[in-house]
Amino acid sequence: MQKKEYDKLVKKHKPNEKKFLNIVKAFSIGGTIGIIGHALLEFYVNTLEVTSKDAATLVIITLVFFASLFTALGFFDNWVSFGRAGFIIPITGFAHGMTSAAIEYRGEGLITGIGSNIFKLTGSVILYGIVSAYIFGLIRFLLFGG
Amino acid sequence: MIYFNAFIFSGLVCVIGQIIMDNSKLTPGHITSLFVVTGAFLDLFNIYDKIVLWAGGGAMVPITSFGHLLIHGALDKAKDVGFMGLAMGMFDLTASGITATIIIAFFMTAIFKAKD
């Protein structure tokens, strides 16, 4: 095979393989976080005997705490660039976005730095979450009565 | 069994996010926003409630559950007090999660120095 053709072939297949690898990583990491979430839920309900509603909140707080801590310690950025969507889509990505924005602008002071920029990455999630929940909620309230 | 479902659901949501990320120019911010809207939309027909029953904690971990909890809180309150309840109950279920995230993020930033 000619070298040129070979290079062409490599170029054609390389991005796909990388994409496939990304999917495998996202699936395994995202799935593992899902299992951790459920294990924590069972732990809180069975061992600490809280109601399942409170346990769901505690699960989220636990994951947020560790994601935020790891981001502040500096190594969660590497995890995110390795696992991509596997870490970004779960609630860990939300905590990571908020903490890393706060850390990035920390040098500019408490108000103009952290205060104005802490929602820089996660603000859109909150904004569109509320807007869409209000619109869909209104539709369901008017059509089905709640 | 529910651990398996949790793995499958949480993994699949992340895979969808990864596929969108790899094949378009959308940033993670676009995708998380899109997923929150999707979570709220799925609750329009009570679909997300069924997923929570099926996948347990696995359905609460992806960001889609944030949209689900927002609309759920709003509708629960709207059932009690009518139209105004949509606004009053919006944060009922997510308040603790958002508050905890903000407080944790703030103190983590205050305690640890940024690494360059």
# chains A, B, ... in the order shown; residues from 1 in each chain; ligands from 1
$ residues_around --residues "A:Phe87" --least-positions-apart "6" --cutoff "9 Å" --atoms "only C-alpha atoms" --output "ChimeraX atom specification"
/A:26,29-30,33,79-81,93,96 /B:14
$ residues_around --residues "A:Phe65" --least-positions-apart "5" --cutoff "12 Å" --atoms "only C-alpha atoms" --output "list of chain:residue names"
A:Leu58, A:Val59, A:Ile60, A:Phe70, A:Thr71, A:Ala72, A:Ile91, A:Thr92, A:Gly93, A:Phe94, A:Ala95, A:His96, A:Met98, A:Thr99, B:Gly97, B:Ile98, B:Thr99, B:Ala100, B:Thr101, B:Ile102, B:Ile103, B:Ile104, B:Ala105, B:Phe106, B:Phe107, B:Met108
$ interface_residues --of "chain A" --to "chain B" --cutoff "6 Å" --atoms "only C-alpha atoms" --output "list in words"
Ile23, Ala26, Phe27, Gly30, Gly31, Gly34, Ile35, Gly37, His38, Ala72, Ala85, Gly86, Ile89, Pro90, Ile91, Thr99, Ile103, Val125, Gly129, Ser132, Ala133, Gly137 and Gly146 of chain A
$ write_last_selection --atoms "N, CA and C atoms" --output "PDB file, in the first residue's frame"
ATOM      1  N   ILE A  23     -17.283   7.393  23.709  1.00  0.00           N
ATOM      2  CA  ILE A  23     -18.597   6.877  24.086  1.00  0.00           C
ATOM      3  C   ILE A  23     -18.453   5.811  25.166  1.00  0.00           C
ATOM      4  N   ALA A  26     -17.616   7.565  28.391  1.00  0.00           N
ATOM      5  CA  ALA A  26     -18.774   8.273  28.948  1.00  0.00           C
ATOM      6  C   ALA A  26     -19.757   7.289  29.550  1.00  0.00           C
ATOM      7  N   PHE A  27     -19.963   6.140  28.858  1.00  0.00           N
ATOM      8  CA  PHE A  27     -20.926   5.151  29.338  1.00  0.00           C
ATOM      9  C   PHE A  27     -20.466   4.535  30.654  1.00  0.00           C
ATOM     10  N   GLY A  30     -20.225   7.461  33.450  1.00  0.00           N
ATOM     11  CA  GLY A  30     -21.568   7.906  33.798  1.00  0.00           C
ATOM     12  C   GLY A  30     -22.354   6.828  34.507  1.00  0.00           C
ATOM     13  N   GLY A  31     -22.231   5.595  34.018  1.00  0.00           N
ATOM     14  CA  GLY A  31     -22.932   4.481  34.645  1.00  0.00           C
ATOM     15  C   GLY A  31     -22.436   4.227  36.051  1.00  0.00           C
ATOM     16  N   GLY A  34     -23.883   6.631  38.331  1.00  0.00           N
ATOM     17  CA  GLY A  34     -25.263   6.232  38.592  1.00  0.00           C
ATOM     18  C   GLY A  34     -25.341   5.161  39.667  1.00  0.00           C
ATOM     19  N   ILE A  35     -24.437   4.164  39.599  1.00  0.00           N
ATOM     20  CA  ILE A  35     -24.409   3.105  40.608  1.00  0.00           C
ATOM     21  C   ILE A  35     -24.053   3.678  41.973  1.00  0.00           C
ATOM     22  N   GLY A  37     -24.606   6.674  42.943  1.00  0.00           N
ATOM     23  CA  GLY A  37     -25.800   7.399  43.377  1.00  0.00           C
ATOM     24  C   GLY A  37     -26.807   6.476  44.024  1.00  0.00           C
ATOM     25  N   HIS A  38     -27.055   5.326  43.380  1.00  0.00           N
ATOM     26  CA  HIS A  38     -28.042   4.425  43.948  1.00  0.00           C
ATOM     27  C   HIS A  38     -27.540   3.766  45.225  1.00  0.00           C
ATOM     28  N   ALA A  72     -11.551  21.821  43.702  1.00  0.00           N
ATOM     29  CA  ALA A  72     -10.737  22.779  44.452  1.00  0.00           C
ATOM     30  C   ALA A  72      -9.330  22.239  44.668  1.00  0.00           C
ATOM     31  N   ALA A  85     -18.236  13.678  28.895  1.00  0.00           N
ATOM     32  CA  ALA A  85     -19.651  13.705  29.275  1.00  0.00           C
ATOM     33  C   ALA A  85     -19.934  12.840  30.496  1.00  0.00           C
ATOM     34  N   GLY A  86     -19.121  11.816  30.719  1.00  0.00           N
ATOM     35  CA  GLY A  86     -19.311  10.956  31.883  1.00  0.00           C
ATOM     36  C   GLY A  86     -19.270  11.712  33.200  1.00  0.00           C
ATOM     37  N   ILE A  89     -22.287  15.391  32.513  1.00  0.00           N
ATOM     38  CA  ILE A  89     -23.745  15.255  32.547  1.00  0.00           C
ATOM     39  C   ILE A  89     -24.278  14.976  33.954  1.00  0.00           C
ATOM     40  N   PRO A  90     -23.647  14.105  34.748  1.00  0.00           N
ATOM     41  CA  PRO A  90     -24.143  13.962  36.125  1.00  0.00           C
ATOM     42  C   PRO A  90     -23.994  15.259  36.917  1.00  0.00           C
ATOM     43  N   ILE A  91     -24.594  15.282  38.087  1.00  0.00           N
ATOM     44  CA  ILE A  91     -24.610  16.492  38.919  1.00  0.00           C
ATOM     45  C   ILE A  91     -23.191  16.945  39.278  1.00  0.00           C
ATOM     46  N   THR A  99     -17.702  25.504  40.933  1.00  0.00           N
ATOM     47  CA  THR A  99     -16.471  25.685  41.706  1.00  0.00           C
ATOM     48  C   THR A  99     -15.340  26.201  40.828  1.00  0.00           C
ATOM     49  N   ILE A 103     -13.222  29.592  41.330  1.00  0.00           N
ATOM     50  CA  ILE A 103     -11.775  29.567  41.538  1.00  0.00           C
ATOM     51  C   ILE A 103     -11.060  30.405  40.479  1.00  0.00           C
ATOM     52  N   VAL A 125     -27.878  26.598  33.115  1.00  0.00           N
ATOM     53  CA  VAL A 125     -28.630  25.415  33.548  1.00  0.00           C
ATOM     54  C   VAL A 125     -29.796  25.832  34.426  1.00  0.00           C
ATOM     55  N   GLY A 129     -33.546  25.732  33.124  1.00  0.00           N
ATOM     56  CA  GLY A 129     -34.310  24.791  33.936  1.00  0.00           C
ATOM     57  C   GLY A 129     -35.584  25.433  34.441  1.00  0.00           C
ATOM     58  N   SER A 132     -38.020  26.473  31.400  1.00  0.00           N
ATOM     59  CA  SER A 132     -38.706  25.332  30.787  1.00  0.00           C
ATOM     60  C   SER A 132     -39.651  24.674  31.780  1.00  0.00           C
ATOM     61  N   ALA A 133     -39.226  24.561  33.053  1.00  0.00           N
ATOM     62  CA  ALA A 133     -40.111  23.941  34.046  1.00  0.00           C
ATOM     63  C   ALA A 133     -41.378  24.767  34.226  1.00  0.00           C
ATOM     64  N   GLY A 137     -44.720  23.251  33.120  1.00  0.00           N
ATOM     65  CA  GLY A 137     -45.610  23.142  34.275  1.00  0.00           C
ATOM     66  C   GLY A 137     -46.945  23.825  34.004  1.00  0.00           C
ATOM     67  N   GLY A 146     -52.579  19.723  36.837  1.00  0.00           N
ATOM     68  CA  GLY A 146     -51.498  19.437  37.788  1.00  0.00           C
ATOM     69  C   GLY A 146     -50.943  18.048  37.730  1.00  0.00           C
TER      70      GLY A 146
END
$ closest_residue --among "A:Ile88, A:Ala39, A:Ser100, A:Asn46" --to "A:Ser68" --atoms "only C-alpha atoms"
A:Ser100
$ atom_distance --atom1 "atom CA of B:Lys25" --atom2 "atom CA of A:Ala102"
25.1 Å
$ select_by_dssp --residues "chain A" --states "alpha helix (DSSP H)" --output "MDAnalysis selection string"
chainID A and resid 3:42 52:73 76:83 85:88 91:104 116:117 123:144
$ write_last_selection --atoms "C-alpha atoms" --output "mmCIF file, in the first residue's frame"
data_model
loop_
_atom_site.group_PDB
_atom_site.id
_atom_site.type_symbol
_atom_site.label_atom_id
_atom_site.label_comp_id
_atom_site.auth_asym_id
_atom_site.auth_seq_id
_atom_site.Cartn_x
_atom_site.Cartn_y
_atom_site.Cartn_z
ATOM 1 C CA LYS A 3 2.109 5.695 2.051
ATOM 2 C CA LYS A 4 -0.231 8.421 0.865
ATOM 3 C CA GLU A 5 -3.180 6.088 0.669
ATOM 4 C CA TYR A 6 -2.328 4.708 4.055
ATOM 5 C CA ASP A 7 -2.303 8.176 5.594
ATOM 6 C CA LYS A 8 -5.644 8.891 3.993
ATOM 7 C CA LEU A 9 -7.064 5.697 5.437
ATOM 8 C CA VAL A 10 -5.700 6.453 8.882
ATOM 9 C CA LYS A 11 -7.215 9.914 8.783
ATOM 10 C CA LYS A 12 -10.566 8.479 7.795
ATOM 11 C CA HIS A 13 -10.717 5.988 10.649
ATOM 12 C CA LYS A 14 -8.958 7.791 13.468
ATOM 13 C CA PRO A 15 -11.698 10.265 14.509
ATOM 14 C CA ASN A 16 -14.277 7.504 14.563
ATOM 15 C CA GLU A 17 -12.194 5.319 16.830
ATOM 16 C CA LYS A 18 -11.667 8.261 19.132
ATOM 17 C CA LYS A 19 -15.377 8.970 19.128
ATOM 18 C CA PHE A 20 -16.106 5.347 19.946
ATOM 19 C CA LEU A 21 -13.602 5.421 22.795
ATOM 20 C CA ASN A 22 -15.222 8.606 24.110
ATOM 21 C CA ILE A 23 -18.597 6.877 24.086
ATOM 22 C CA VAL A 24 -17.235 3.880 25.987
ATOM 23 C CA LYS A 25 -15.630 6.169 28.552
ATOM 24 C CA ALA A 26 -18.774 8.273 28.948
ATOM 25 C CA PHE A 27 -20.926 5.151 29.338
ATOM 26 C CA SER A 28 -18.725 3.447 31.916
ATOM 27 C CA ILE A 29 -18.007 6.576 33.975
ATOM 28 C CA GLY A 30 -21.568 7.906 33.798
ATOM 29 C CA GLY A 31 -22.932 4.481 34.645
ATOM 30 C CA THR A 32 -20.557 4.107 37.579
ATOM 31 C CA ILE A 33 -21.675 7.455 38.984
ATOM 32 C CA GLY A 34 -25.263 6.232 38.592
ATOM 33 C CA ILE A 35 -24.409 3.105 40.608
ATOM 34 C CA ILE A 36 -22.677 5.216 43.265
ATOM 35 C CA GLY A 37 -25.800 7.399 43.377
ATOM 36 C CA HIS A 38 -28.042 4.425 43.948
ATOM 37 C CA ALA A 39 -25.672 2.837 46.483
ATOM 38 C CA LEU A 40 -25.636 6.085 48.460
ATOM 39 C CA LEU A 41 -29.437 6.236 48.252
ATOM 40 C CA GLU A 42 -29.741 2.693 49.674
ATOM 41 C CA SER A 52 -36.374 8.434 50.543
ATOM 42 C CA LYS A 53 -37.094 12.078 49.651
ATOM 43 C CA ASP A 54 -34.428 13.355 52.060
ATOM 44 C CA ALA A 55 -32.090 10.596 50.940
ATOM 45 C CA ALA A 56 -32.322 11.813 47.316
ATOM 46 C CA THR A 57 -31.275 15.275 48.470
ATOM 47 C CA LEU A 58 -28.418 13.825 50.532
ATOM 48 C CA VAL A 59 -27.185 11.817 47.526
ATOM 49 C CA ILE A 60 -26.981 14.988 45.448
ATOM 50 C CA ILE A 61 -25.253 16.907 48.245
ATOM 51 C CA THR A 62 -22.713 14.099 48.731
ATOM 52 C CA LEU A 63 -21.820 14.000 45.031
ATOM 53 C CA VAL A 64 -21.679 17.791 44.840
ATOM 54 C CA PHE A 65 -19.410 17.912 47.884
ATOM 55 C CA PHE A 66 -16.867 15.495 46.465
ATOM 56 C CA ALA A 67 -16.935 17.005 42.962
ATOM 57 C CA SER A 68 -16.431 20.453 44.445
ATOM 58 C CA LEU A 69 -13.658 19.268 46.762
ATOM 59 C CA PHE A 70 -11.819 17.480 43.967
ATOM 60 C CA THR A 71 -12.164 20.546 41.739
ATOM 61 C CA ALA A 72 -10.737 22.779 44.452
ATOM 62 C CA LEU A 73 -7.882 20.329 45.035
ATOM 63 C CA PHE A 76 -10.991 17.031 38.858
ATOM 64 C CA ASP A 77 -10.185 19.072 35.731
ATOM 65 C CA ASN A 78 -8.039 16.186 34.516
ATOM 66 C CA TRP A 79 -10.819 13.713 35.269
ATOM 67 C CA VAL A 80 -13.302 15.818 33.283
ATOM 68 C CA SER A 81 -11.016 16.100 30.267
ATOM 69 C CA PHE A 82 -10.566 12.312 30.412
ATOM 70 C CA GLY A 83 -14.164 11.242 31.032
ATOM 71 C CA ALA A 85 -19.651 13.705 29.275
ATOM 72 C CA GLY A 86 -19.311 10.956 31.883
ATOM 73 C CA PHE A 87 -18.443 13.596 34.458
ATOM 74 C CA ILE A 88 -20.198 16.600 32.892
ATOM 75 C CA ILE A 91 -24.610 16.492 38.919
ATOM 76 C CA THR A 92 -20.825 16.393 39.409
ATOM 77 C CA GLY A 93 -20.502 18.553 36.275
ATOM 78 C CA PHE A 94 -22.802 21.153 37.806
ATOM 79 C CA ALA A 95 -20.671 21.366 40.945
ATOM 80 C CA HIS A 96 -17.481 21.340 38.894
ATOM 81 C CA GLY A 97 -18.723 24.219 36.724
ATOM 82 C CA MET A 98 -19.651 26.329 39.708
ATOM 83 C CA THR A 99 -16.471 25.685 41.706
ATOM 84 C CA SER A 100 -14.096 26.098 38.778
ATOM 85 C CA ALA A 101 -15.747 29.396 37.769
ATOM 86 C CA ALA A 102 -15.403 30.656 41.341
ATOM 87 C CA ILE A 103 -11.775 29.567 41.538
ATOM 88 C CA GLU A 104 -10.909 31.034 38.155
ATOM 89 C CA SER A 116 -20.240 38.043 39.536
ATOM 90 C CA ASN A 117 -18.764 34.947 37.976
ATOM 91 C CA GLY A 123 -26.233 29.966 35.271
ATOM 92 C CA SER A 124 -27.658 28.746 31.974
ATOM 93 C CA VAL A 125 -28.630 25.415 33.548
ATOM 94 C CA ILE A 126 -30.563 27.184 36.300
ATOM 95 C CA LEU A 127 -32.092 29.763 33.927
ATOM 96 C CA TYR A 128 -33.329 27.333 31.292
ATOM 97 C CA GLY A 129 -34.310 24.791 33.936
ATOM 98 C CA ILE A 130 -36.627 27.327 35.547
ATOM 99 C CA VAL A 131 -37.981 28.754 32.282
ATOM 100 C CA SER A 132 -38.706 25.332 30.787
ATOM 101 C CA ALA A 133 -40.111 23.941 34.046
ATOM 102 C CA TYR A 134 -42.423 26.949 34.296
ATOM 103 C CA ILE A 135 -43.649 26.650 30.707
ATOM 104 C CA PHE A 136 -44.105 22.871 30.800
ATOM 105 C CA GLY A 137 -45.610 23.142 34.275
ATOM 106 C CA LEU A 138 -48.073 25.741 33.015
ATOM 107 C CA ILE A 139 -49.042 23.536 30.067
ATOM 108 C CA ARG A 140 -49.598 20.548 32.319
ATOM 109 C CA PHE A 141 -51.442 22.616 34.881
ATOM 110 C CA LEU A 142 -53.813 24.044 32.275
ATOM 111 C CA LEU A 143 -54.344 20.790 30.351
ATOM 112 C CA PHE A 144 -54.367 18.167 33.104
#
$ decode --residues "stretch 5-52 of chain A" --atoms "N, CA and C atoms" --output "mmCIF file, in the first residue's frame"
data_model
loop_
_atom_site.group_PDB
_atom_site.id
_atom_site.type_symbol
_atom_site.label_atom_id
_atom_site.label_comp_id
_atom_site.auth_asym_id
_atom_site.auth_seq_id
_atom_site.Cartn_x
_atom_site.Cartn_y
_atom_site.Cartn_z
ATOM 1 N N GLU A 5 -1.868 6.731 0.478
ATOM 2 C CA GLU A 5 -3.180 6.088 0.669
ATOM 3 C C GLU A 5 -3.379 5.674 2.112
ATOM 4 N N TYR A 6 -2.273 5.166 2.662
ATOM 5 C CA TYR A 6 -2.328 4.708 4.055
ATOM 6 C C TYR A 6 -2.685 5.870 4.988
ATOM 7 N N ASP A 7 -2.019 7.006 4.760
ATOM 8 C CA ASP A 7 -2.303 8.176 5.594
ATOM 9 C C ASP A 7 -3.764 8.596 5.476
ATOM 10 N N LYS A 8 -4.255 8.526 4.242
ATOM 11 C CA LYS A 8 -5.644 8.891 3.993
ATOM 12 C C LYS A 8 -6.591 7.979 4.784
ATOM 13 N N LEU A 9 -6.246 6.698 4.753
ATOM 14 C CA LEU A 9 -7.064 5.697 5.437
ATOM 15 C C LEU A 9 -7.044 5.915 6.949
ATOM 16 N N VAL A 10 -5.842 6.210 7.442
ATOM 17 C CA VAL A 10 -5.700 6.453 8.882
ATOM 18 C C VAL A 10 -6.553 7.649 9.294
ATOM 19 N N LYS A 11 -6.471 8.696 8.481
ATOM 20 C CA LYS A 11 -7.215 9.914 8.783
ATOM 21 C C LYS A 11 -8.714 9.636 8.822
ATOM 22 N N LYS A 12 -9.145 8.775 7.908
ATOM 23 C CA LYS A 12 -10.566 8.479 7.795
ATOM 24 C C LYS A 12 -11.081 7.723 9.025
ATOM 25 N N HIS A 13 -10.243 6.848 9.572
ATOM 26 C CA HIS A 13 -10.717 5.988 10.649
ATOM 27 C C HIS A 13 -10.410 6.510 12.042
ATOM 28 N N LYS A 14 -9.404 7.355 12.144
ATOM 29 C CA LYS A 14 -8.958 7.791 13.468
ATOM 30 C C LYS A 14 -10.035 8.532 14.265
ATOM 31 N N PRO A 15 -10.708 9.543 13.703
ATOM 32 C CA PRO A 15 -11.698 10.265 14.509
ATOM 33 C C PRO A 15 -12.813 9.354 14.996
ATOM 34 N N ASN A 16 -13.202 8.403 14.174
ATOM 35 C CA ASN A 16 -14.277 7.504 14.563
ATOM 36 C C ASN A 16 -13.886 6.653 15.759
ATOM 37 N N GLU A 17 -12.648 6.127 15.710
ATOM 38 C CA GLU A 17 -12.194 5.319 16.830
ATOM 39 C C GLU A 17 -12.162 6.139 18.102
ATOM 40 N N LYS A 18 -11.730 7.396 17.960
ATOM 41 C CA LYS A 18 -11.667 8.261 19.132
ATOM 42 C C LYS A 18 -13.070 8.531 19.661
ATOM 43 N N LYS A 19 -13.997 8.738 18.717
ATOM 44 C CA LYS A 19 -15.377 8.970 19.128
ATOM 45 C C LYS A 19 -15.937 7.759 19.857
ATOM 46 N N PHE A 20 -15.614 6.575 19.319
ATOM 47 C CA PHE A 20 -16.106 5.347 19.946
ATOM 48 C C PHE A 20 -15.531 5.195 21.352
ATOM 49 N N LEU A 21 -14.243 5.497 21.484
ATOM 50 C CA LEU A 21 -13.602 5.421 22.795
ATOM 51 C C LEU A 21 -14.251 6.403 23.768
ATOM 52 N N ASN A 22 -14.555 7.608 23.263
ATOM 53 C CA ASN A 22 -15.222 8.606 24.110
ATOM 54 C C ASN A 22 -16.562 8.092 24.607
ATOM 55 N N ILE A 23 -17.283 7.393 23.709
ATOM 56 C CA ILE A 23 -18.597 6.877 24.086
ATOM 57 C C ILE A 23 -18.453 5.811 25.166
ATOM 58 N N VAL A 24 -17.458 4.931 24.988
ATOM 59 C CA VAL A 24 -17.235 3.880 25.987
ATOM 60 C C VAL A 24 -16.893 4.502 27.336
ATOM 61 N N LYS A 25 -16.028 5.508 27.301
ATOM 62 C CA LYS A 25 -15.630 6.169 28.552
ATOM 63 C C LYS A 25 -16.834 6.837 29.212
ATOM 64 N N ALA A 26 -17.616 7.565 28.391
ATOM 65 C CA ALA A 26 -18.774 8.273 28.948
ATOM 66 C C ALA A 26 -19.757 7.289 29.550
ATOM 67 N N PHE A 27 -19.963 6.140 28.858
ATOM 68 C CA PHE A 27 -20.926 5.151 29.338
ATOM 69 C C PHE A 27 -20.466 4.535 30.654
ATOM 70 N N SER A 28 -19.188 4.130 30.707
ATOM 71 C CA SER A 28 -18.725 3.447 31.916
ATOM 72 C C SER A 28 -18.632 4.409 33.099
ATOM 73 N N ILE A 29 -18.139 5.627 32.860
ATOM 74 C CA ILE A 29 -18.007 6.576 33.975
ATOM 75 C C ILE A 29 -19.377 7.073 34.428
ATOM 76 N N GLY A 30 -20.225 7.461 33.450
ATOM 77 C CA GLY A 30 -21.568 7.906 33.798
ATOM 78 C C GLY A 30 -22.354 6.828 34.507
ATOM 79 N N GLY A 31 -22.231 5.595 34.018
ATOM 80 C CA GLY A 31 -22.932 4.481 34.645
ATOM 81 C C GLY A 31 -22.436 4.227 36.051
ATOM 82 N N THR A 32 -21.113 4.320 36.246
ATOM 83 C CA THR A 32 -20.557 4.107 37.579
ATOM 84 C C THR A 32 -21.065 5.160 38.557
ATOM 85 N N ILE A 33 -21.149 6.412 38.096
ATOM 86 C CA ILE A 33 -21.675 7.455 38.984
ATOM 87 C C ILE A 33 -23.146 7.164 39.313
ATOM 88 N N GLY A 34 -23.883 6.631 38.331
ATOM 89 C CA GLY A 34 -25.263 6.232 38.592
ATOM 90 C C GLY A 34 -25.341 5.161 39.667
ATOM 91 N N ILE A 35 -24.437 4.164 39.599
ATOM 92 C CA ILE A 35 -24.409 3.105 40.608
ATOM 93 C C ILE A 35 -24.053 3.678 41.973
ATOM 94 N N ILE A 36 -23.058 4.580 41.998
ATOM 95 C CA ILE A 36 -22.677 5.216 43.265
ATOM 96 C C ILE A 36 -23.886 5.962 43.833
ATOM 97 N N GLY A 37 -24.606 6.674 42.943
ATOM 98 C CA GLY A 37 -25.800 7.399 43.377
ATOM 99 C C GLY A 37 -26.807 6.476 44.024
ATOM 100 N N HIS A 38 -27.055 5.326 43.380
ATOM 101 C CA HIS A 38 -28.042 4.425 43.948
ATOM 102 C C HIS A 38 -27.540 3.766 45.225
ATOM 103 N N ALA A 39 -26.237 3.442 45.276
ATOM 104 C CA ALA A 39 -25.672 2.837 46.483
ATOM 105 C C ALA A 39 -25.785 3.800 47.660
ATOM 106 N N LEU A 40 -25.508 5.086 47.397
ATOM 107 C CA LEU A 40 -25.636 6.085 48.460
ATOM 108 C C LEU A 40 -27.089 6.198 48.916
ATOM 109 N N LEU A 41 -28.007 6.148 47.929
ATOM 110 C CA LEU A 41 -29.437 6.236 48.252
ATOM 111 C C LEU A 41 -29.845 5.095 49.193
ATOM 112 N N GLU A 42 -29.426 3.861 48.835
ATOM 113 C CA GLU A 42 -29.741 2.693 49.674
ATOM 114 C C GLU A 42 -29.111 2.842 51.053
ATOM 115 N N PHE A 43 -27.869 3.338 51.057
ATOM 116 C CA PHE A 43 -27.164 3.516 52.327
ATOM 117 C C PHE A 43 -27.910 4.479 53.235
ATOM 118 N N TYR A 44 -28.333 5.620 52.682
ATOM 119 C CA TYR A 44 -29.016 6.616 53.508
ATOM 120 C C TYR A 44 -30.371 6.102 53.982
ATOM 121 N N VAL A 45 -31.076 5.383 53.096
ATOM 122 C CA VAL A 45 -32.411 4.920 53.476
ATOM 123 C C VAL A 45 -32.314 3.779 54.482
ATOM 124 N N ASN A 46 -31.419 2.816 54.232
ATOM 125 C CA ASN A 46 -31.385 1.626 55.075
ATOM 126 C C ASN A 46 -30.549 1.792 56.332
ATOM 127 N N THR A 47 -29.404 2.444 56.212
ATOM 128 C CA THR A 47 -28.500 2.528 57.363
ATOM 129 C C THR A 47 -28.804 3.732 58.240
ATOM 130 N N LEU A 48 -28.973 4.894 57.605
ATOM 131 C CA LEU A 48 -29.231 6.094 58.409
ATOM 132 C C LEU A 48 -30.728 6.320 58.627
ATOM 133 N N GLU A 49 -31.556 5.532 57.933
ATOM 134 C CA GLU A 49 -33.009 5.549 58.121
ATOM 135 C C GLU A 49 -33.631 6.926 57.944
ATOM 136 N N VAL A 50 -33.283 7.610 56.853
ATOM 137 C CA VAL A 50 -33.984 8.840 56.505
ATOM 138 C C VAL A 50 -35.038 8.502 55.450
ATOM 139 N N THR A 51 -35.994 9.425 55.231
ATOM 140 C CA THR A 51 -37.015 9.164 54.217
ATOM 141 C C THR A 51 -36.364 9.202 52.833
ATOM 142 N N SER A 52 -36.999 8.534 51.872
ATOM 143 C CA SER A 52 -36.374 8.434 50.543
ATOM 144 C C SER A 52 -36.262 9.800 49.870
#
